[in-house]
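Chemist: Have a peek at structure01.cif (mmCIF, C-alpha atoms).
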```
data_start
loop_
_atom_site.label_atom_id
_atom_site.label_comp_id
_atom_site.auth_asym_id
_atom_site.auth_seq_id
_atom_site.Cartn_x
_atom_site.Cartn_y
_atom_site.Cartn_z
CA MET P 1 1.32 -49.39 -74.74
CA GLY P 2 4.94 -48.80 -75.72
CA LEU P 3 3.96 -48.03 -79.26
CA ASN P 4 1.31 -45.64 -78.14
CA ASN P 5 3.78 -43.89 -75.88
CA SER P 6 6.37 -43.59 -78.55
CA VAL P 7 3.92 -41.89 -80.87
CA ARG P 8 3.00 -39.45 -78.16
CA VAL P 9 6.57 -38.77 -77.21
CA ALA P 10 7.26 -38.07 -80.85
CA THR P 11 4.36 -35.63 -80.82
CA VAL P 12 5.80 -33.82 -77.85
CA LEU P 13 9.17 -33.71 -79.52
CA SER P 14 7.80 -32.10 -82.61
CA MET P 15 5.75 -29.72 -80.50
CA THR P 16 8.89 -28.71 -78.70
CA ASP P 17 10.67 -28.31 -81.98
CA GLN P 18 8.27 -26.18 -83.90
CA THR P 19 5.32 -24.67 -82.16
CA ASN P 20 6.88 -23.68 -78.86
CA PRO P 21 7.77 -20.03 -78.74
CA PRO P 22 10.79 -19.75 -76.47
CA GLY P 23 9.76 -19.13 -72.89
CA LYS P 24 6.10 -20.04 -72.89
CA PRO P 25 4.75 -23.56 -73.37
CA PRO P 26 1.34 -23.82 -75.04
CA LYS P 27 -1.52 -23.85 -72.55
CA GLY P 28 -3.25 -27.17 -71.89
CA ALA P 29 -0.44 -29.09 -73.47
CA GLY P 30 1.63 -28.31 -70.39
CA LEU P 31 0.16 -30.95 -68.13
CA GLU P 32 0.14 -33.64 -70.76
CA GLU P 33 3.68 -32.79 -71.70
CA ALA P 34 4.86 -32.98 -68.10
CA ARG P 35 3.27 -36.42 -67.85
CA LEU P 36 5.03 -37.60 -70.97
CA ARG P 37 8.31 -36.28 -69.71
CA GLN P 38 7.86 -38.19 -66.49
CA GLN P 39 7.13 -41.30 -68.52
CA ALA P 40 10.29 -40.81 -70.51
CA ILE P 41 12.32 -40.39 -67.34
CA GLY P 42 10.74 -43.57 -66.00
CA VAL P 43 11.69 -45.53 -69.10
CA LYS P 44 15.27 -44.30 -68.83
CA LEU P 45 15.46 -45.06 -65.12
CA ARG P 46 14.36 -48.63 -65.64
CA HIS P 47 16.75 -48.96 -68.53
CA MET P 48 19.64 -47.73 -66.42
CA PHE P 49 18.82 -50.18 -63.61
CA ASP P 50 18.20 -53.09 -65.98
CA GLU P 51 21.52 -52.50 -67.68
CA VAL P 52 23.30 -53.46 -64.46
CA VAL P 53 20.84 -56.29 -63.76
CA ASN P 54 21.65 -57.74 -67.17
CA GLU P 55 25.40 -57.60 -66.69
CA PRO P 56 26.99 -61.01 -66.09
CA VAL P 57 27.59 -61.56 -62.38
CA PRO P 58 31.32 -61.48 -61.55
CA ASP P 59 32.62 -64.93 -60.50
CA GLU P 60 33.72 -63.44 -57.21
CA PHE P 61 30.15 -63.46 -55.95
CA LEU P 62 29.63 -67.15 -56.48
CA ASP P 63 33.10 -67.99 -55.17
CA ILE P 64 32.42 -66.18 -51.92
CA LEU P 65 29.09 -67.88 -51.53
CA ARG P 66 30.56 -71.29 -52.30
CA ARG P 67 33.26 -70.83 -49.67
CA ALA P 68 30.69 -69.73 -47.09
CA ASP P 69 28.51 -72.70 -47.93
CA LYS P 70 31.40 -75.11 -47.40
CA ARG P 71 32.28 -73.47 -44.10
CA SER P 72 28.75 -73.66 -42.81
CA SER P 73 28.03 -77.20 -43.92
CA GLY P 74 30.59 -78.21 -41.33
CA GLU P 75 33.38 -79.60 -43.44
CA GLY P 76 35.70 -78.38 -40.75
CA GLY P 77 37.62 -81.63 -40.56
CA ALA P 78 40.88 -80.24 -41.90
CA MET L 1 28.24 -89.05 -37.82
CA SER L 2 26.92 -92.37 -36.51
CA GLY L 3 23.81 -94.55 -36.75
CA ALA L 4 21.17 -93.02 -39.02
CA THR L 5 18.35 -93.93 -36.70
CA ASN L 6 16.01 -91.05 -37.24
CA PRO L 7 16.60 -88.29 -39.75
CA PRO L 8 16.68 -84.73 -38.41
CA PRO L 9 13.23 -83.11 -38.56
CA LYS L 10 14.39 -80.41 -40.93
CA PRO L 11 17.39 -81.22 -43.09
CA PRO L 12 19.22 -77.89 -43.01
CA SER L 13 21.03 -78.49 -46.26
CA ALA L 14 17.80 -78.67 -48.27
CA ASP L 15 16.67 -75.33 -46.84
CA ASP L 16 20.09 -73.87 -47.43
CA ASP L 17 20.05 -75.00 -51.02
CA ALA L 18 16.70 -73.39 -51.70
CA PHE L 19 17.83 -70.23 -49.96
CA LYS L 20 21.09 -70.15 -51.85
CA LYS L 21 19.39 -70.62 -55.18
CA GLU L 22 17.06 -67.73 -54.56
CA LEU L 23 19.87 -65.56 -53.24
CA VAL L 24 22.00 -66.22 -56.32
CA GLY L 25 19.09 -65.15 -58.49
CA LEU L 26 18.96 -61.85 -56.63
CA ILE L 27 22.64 -60.97 -57.07
CA PRO L 28 22.09 -58.99 -60.30
CA HIS L 29 19.43 -56.90 -58.57
CA LEU L 30 21.57 -56.33 -55.51
CA ARG L 31 24.39 -55.15 -57.76
CA ALA L 32 22.09 -52.73 -59.54
CA PHE L 33 20.72 -51.29 -56.31
CA ALA L 34 24.21 -50.99 -54.85
CA ARG L 35 25.38 -49.21 -58.01
CA THR L 36 22.70 -46.56 -57.61
CA LEU L 37 23.50 -46.07 -53.92
CA THR L 38 27.25 -45.76 -54.28
CA GLY L 39 27.52 -44.48 -57.83
CA ASP L 40 30.76 -46.42 -58.13
CA PRO L 41 30.94 -49.89 -59.72
CA THR L 42 33.75 -51.24 -57.52
CA ALA L 43 32.34 -49.93 -54.26
CA ALA L 44 28.95 -51.20 -55.38
CA ASP L 45 30.17 -54.76 -55.85
CA ASP L 46 31.89 -54.68 -52.46
CA LEU L 47 28.64 -53.54 -50.93
CA ALA L 48 26.58 -56.13 -52.80
CA GLN L 49 28.97 -58.89 -51.69
CA ASP L 50 28.78 -57.77 -48.06
CA ALA L 51 25.01 -57.72 -48.26
CA MET L 52 24.92 -61.14 -49.89
CA MET L 53 27.05 -62.59 -47.07
CA LYS L 54 24.99 -60.86 -44.39
CA ALA L 55 21.88 -62.37 -45.92
CA TRP L 56 23.52 -65.77 -46.06
CA ASP L 57 24.60 -65.57 -42.41
CA ALA L 58 21.12 -64.47 -41.40
CA ARG L 59 19.33 -67.12 -43.45
CA ALA L 60 17.97 -68.78 -40.31
CA SER L 61 15.92 -65.65 -39.63
CA TYR L 62 14.44 -65.55 -43.11
CA GLN L 63 11.05 -67.12 -43.72
CA MET L 64 11.06 -68.99 -46.99
CA GLY L 65 8.25 -67.88 -49.21
CA THR L 66 8.24 -64.27 -48.02
CA ASN L 67 9.69 -61.45 -50.08
CA MET L 68 13.37 -62.26 -50.24
CA LYS L 69 14.13 -59.48 -52.68
CA ALA L 70 12.83 -56.81 -50.31
CA TRP L 71 14.59 -58.51 -47.41
CA THR L 72 17.99 -58.54 -49.12
CA PHE L 73 17.54 -54.97 -50.36
CA MET L 74 16.89 -53.89 -46.79
CA ILE L 75 20.06 -55.64 -45.65
CA LEU L 76 22.05 -53.97 -48.41
CA ARG L 77 20.64 -50.57 -47.61
CA ASN L 78 21.35 -50.94 -43.88
CA GLN L 79 24.87 -52.05 -44.68
CA PHE L 80 25.39 -49.02 -46.91
CA TYR L 81 24.23 -46.55 -44.28
CA SER L 82 26.05 -48.17 -41.39
CA GLU L 83 29.28 -48.04 -43.35
CA LYS L 84 28.62 -44.41 -44.11
CA ARG L 85 27.97 -43.58 -40.48
CA ARG L 86 31.22 -45.22 -39.52
CA SER L 87 33.08 -42.93 -41.86
CA TRP L 88 31.09 -39.71 -41.82
CA ARG L 89 33.93 -37.84 -43.38
CA GLN L 90 33.86 -40.05 -46.38
CA SER L 91 30.16 -39.54 -46.78
CA GLN L 92 30.83 -35.93 -47.59
CA LEU L 93 33.00 -37.02 -50.44
CA ASP L 94 30.48 -39.45 -51.80
CA GLN L 95 28.62 -36.94 -53.86
CA GLU L 96 31.79 -35.68 -55.50
CA ALA L 97 33.06 -39.21 -55.98
CA ALA L 98 29.79 -40.21 -57.55
CA GLU L 99 29.82 -37.34 -59.97
CA ARG L 100 33.46 -37.95 -60.83
CA THR L 101 32.78 -41.60 -61.50
CA LEU L 102 29.68 -40.84 -63.49
CA VAL L 103 31.66 -38.53 -65.72
CA ALA L 104 34.55 -40.98 -65.93
CA VAL L 105 32.17 -43.73 -66.94
CA ASP L 106 31.17 -41.53 -69.84
CA ASP L 107 31.85 -43.80 -72.77
CA PRO L 108 31.08 -42.88 -76.37
CA GLU L 109 28.99 -46.01 -76.83
CA SER L 110 26.43 -45.24 -74.18
CA PRO L 111 23.60 -42.95 -75.12
CA VAL L 112 24.13 -39.40 -73.94
CA ALA L 113 20.79 -39.23 -72.22
CA LEU L 114 21.73 -41.96 -69.79
CA ASP L 115 24.69 -39.98 -68.55
CA GLU L 116 22.56 -36.90 -68.14
CA LEU L 117 20.11 -38.90 -66.09
CA ARG L 118 22.86 -40.36 -63.92
CA LEU L 119 24.24 -36.91 -63.24
CA ALA L 120 20.81 -35.57 -62.44
CA LEU L 121 20.17 -38.50 -60.10
CA ALA L 122 23.40 -37.77 -58.27
CA THR L 123 22.12 -34.30 -57.40
CA LEU L 124 19.07 -35.67 -55.57
CA PRO L 125 19.04 -36.03 -51.79
CA GLU L 126 19.89 -39.59 -50.88
CA GLU L 127 16.51 -40.59 -49.48
CA GLN L 128 14.74 -39.29 -52.57
CA ARG L 129 17.12 -41.07 -54.89
CA GLU L 130 16.72 -44.44 -53.19
CA ALA L 131 12.93 -44.14 -53.06
CA LEU L 132 12.74 -43.27 -56.73
CA ILE L 133 15.10 -46.10 -57.71
CA LEU L 134 13.20 -48.69 -55.69
CA VAL L 135 9.79 -47.70 -57.03
CA GLY L 136 10.67 -46.30 -60.44
CA ALA L 137 13.35 -48.77 -61.50
CA GLY L 138 13.42 -51.70 -59.10
CA GLY L 139 9.74 -52.45 -59.55
CA PHE L 140 8.84 -52.35 -55.86
CA ALA L 141 5.41 -51.31 -54.64
CA TYR L 142 5.33 -48.30 -52.32
CA GLU L 143 4.62 -50.66 -49.43
CA GLU L 144 7.68 -52.77 -50.19
CA ALA L 145 9.88 -49.71 -50.61
CA ALA L 146 8.63 -48.46 -47.24
CA GLU L 147 9.62 -51.77 -45.70
CA ILE L 148 13.06 -51.59 -47.26
CA CYS L 149 13.63 -48.00 -46.15
CA GLN L 150 11.96 -48.61 -42.80
CA CYS L 151 9.69 -45.64 -43.07
CA ALA L 152 6.00 -44.91 -43.62
CA VAL L 153 4.36 -45.58 -46.97
CA GLY L 154 3.31 -41.93 -47.19
CA THR L 155 6.91 -40.89 -46.71
CA VAL L 156 8.01 -43.04 -49.63
CA LYS L 157 5.24 -41.61 -51.80
CA SER L 158 6.22 -38.04 -51.09
CA ARG L 159 9.92 -38.78 -51.58
CA VAL L 160 9.25 -40.38 -54.94
CA SER L 161 7.07 -37.51 -55.99
CA ARG L 162 9.61 -34.89 -54.95
CA ALA L 163 12.38 -36.85 -56.64
CA ARG L 164 10.45 -36.98 -59.91
CA LYS L 165 9.80 -33.26 -59.88
CA ALA L 166 13.37 -32.42 -58.98
CA LEU L 167 14.73 -34.73 -61.64
CA GLN L 168 12.56 -33.23 -64.32
CA ALA L 169 13.46 -29.71 -63.27
CA THR L 170 17.17 -30.53 -63.28
CA LEU L 171 16.95 -32.09 -66.71
CA GLU L 172 14.95 -29.21 -68.14
CA LYS L 173 16.71 -26.28 -66.54
CA GLY L 174 20.07 -27.96 -66.53
CA GLY L 175 21.61 -27.79 -63.08
CA TYR L 176 24.87 -28.62 -64.78
CA ALA L 177 26.42 -28.39 -68.21
CA ARG L 178 28.96 -30.59 -69.84
CA ASP L 179 31.04 -30.77 -72.99
CA GLY L 180 30.03 -27.25 -73.81
CA ARG L 181 26.58 -28.51 -74.69
CA ALA L 182 23.57 -26.67 -73.38
CA ALA L 183 22.18 -28.60 -70.42
CA GLY L 184 18.70 -27.98 -71.74
CA ASP L 185 19.41 -30.66 -74.31
CA ALA L 186 19.19 -33.29 -71.58
CA MET L 187 15.41 -33.54 -71.53
CA ARG L 188 15.22 -33.66 -75.29
CA SER L 189 17.71 -36.48 -75.58
CA ILE L 190 15.89 -38.36 -72.84
CA LEU L 191 12.61 -38.01 -74.68
CA ALA L 192 14.18 -39.17 -77.91
CA ASP L 193 15.94 -42.04 -76.20
CA ALA L 194 12.85 -43.18 -74.31
CA ASP L 195 11.03 -43.07 -77.60
CA ARG L 196 13.60 -45.37 -79.14
CA LEU L 197 13.59 -47.72 -76.13
CA SER L 198 9.84 -48.06 -75.91
CA SER L 199 9.44 -48.76 -79.60
CA VAL L 200 12.17 -51.39 -79.41
CA ARG L 201 10.36 -53.00 -76.47
CA ASP L 202 7.20 -54.00 -78.34
#
```
Give the structure from this file in structure tokens form.
Modeler:
Amino acid sequence: MGLNNSVRVATVLSMTDQTNPPGKPPKGAGLEEARLRQQAIGVKLRHMFDEVVNEPVPDEFLDILRRADKRSSGEGGA
Amino acid sequence: MSGATNPPPKPPSADDDAFKKELVGLIPHLRAFARTLTGDPTAADDLAQDAMMKAWDARASYQMGTNMKAWTFMILRNQFYSEKRRSWRQSQLDQEAAERTLVAVDDPESPVALDELRLALATLPEEQREALILVGAGGFAYEEAAEICQCAVGTVKSRVSRARKALQATLEKGGYARDGRAAGDAMRSILADADRLSSVRD
């Protein structure tokens, strides 16, 4: 699917480059082009989100959780 | 403790361990969601940590085996909005702060199109942005997103649809311009970048 998309996106790119007179998009291609643009935005959105997901988790998070776990497991006998 | 006559019916530590393991696995996703809500990495991590602790404290009310991701996202979202309500004045600054941060984050390594998209996202109304992120990036079904946002499924659908249209219009018309470059370039670089990303993926 990705490959297919990339070919089509490339098509739209070249369409935009050469055959589009400024101002008016070619008829019929408009809808398809809008769909492809939405797809491209979707790919970028997921990429943006996944970039953060793939970052290493700062130690702070696990430290906080570890402390809370100790507290709650009742090791209060100081 | 004394005589181990009969073990407790439900050893809480075993449940807690399972819960904790699942929660830890969700931290990266909570961070990503928080980042899109606040637009600021430091504030986002504070928010994600608060949400993580709220989820931990409320673990007794969570049913193992149900959708923990949606549950923690809802907690995070509620936390975000209740903090905002508490400081309504600050909420007015959020948009500016977000845009400032987004520009500041601008590093030469990251593809231009990503920055354009971040800026365009920042111009969306909050409820549209969160709906689009949940469905379009977080991988939630409309029904799950509705649960997280505590609204009707139809509401989520229309928010996502409006967000998509607005985003595209912003990227094409260029509601902003930067570095002296025509804002109309944004959509083109996004198309080119998505092209690159999707061909890398397979």
Chemist: For atom CA of L:Arg85 and atom CA of L:Ser158, determine how far apart the two atoms are, in Å to one decimal place.
Modeler: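 Computing the Euclidean distance for atom CA of L:Arg85 and atom CA of L:Ser158 yields 24.8 Å.
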Chemist: Determine the nearest neighbour of chain P from the options L:Arg59, L:His29, L:Lys69, L:Lys21, counting only C-alpha atoms.
Modeler: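 Ranking L:Arg59, L:His29, L:Lys69, L:Lys21 by distance to chain P, first place goes to L:His29.
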Chemist: List as a VMD selection string the protein and nucleic acid residues near stretch 44-46 of chain P, meaning an atom at most 8 Å away when all atoms listed in the file are counted, but skip any in the same chain fewer than 5 places from it.
Modeler: chain L and resid 114 117 133 136 to 138 190 193 to 194
Chemist: With distances taken over all atoms listed in the file, which of P:Val53, P:Ser72, P:Ala29, P:Arg35 is nearest to chain L?
Modeler: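 Going through P:Val53, P:Ser72, P:Ala29, P:Arg35 one by one, the smallest distance to chain L is for P:Val53.
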Chemist: Evaluate the PyMOL selection byres ((chain L and resi 134) around 12) on the structure here and hand back the selected residues as a ChimeraX atom specification.
Modeler: /P:42,45-46,49 /L:29-30,32-34,36-37,69-70,73-74,77,127-133,135-149,156-157,159-160,163
Chemist: Return as JSON the centre and edge lengths, in Å with one decimal, of the box along x, y and z that encloses every atom of stretch 131-139 of chain L in the file, padded by 4 Å per side.
Modeler:
```
{"center_x": 12.4, "center_y": -47.9, "center_z": -57.3, "size_x": 13.4, "size_y": 17.2, "size_z": 16.4}
```
Chemist: Which one is closest to chain P: L:Thr66, L:Ser199, L:Ser82, L:Thr170? Count only C-alpha atoms.
Modeler: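 Using only C-alpha atoms, the shortest distance to chain P belongs to L:Ser199.
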Chemist: Hey, can you check how far atom CA of L:Gln63 sits from atom CA of L:Tyr81?
Modeler: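 Atom CA of L:Tyr81 lies 24.4 Å from atom CA of L:Gln63.
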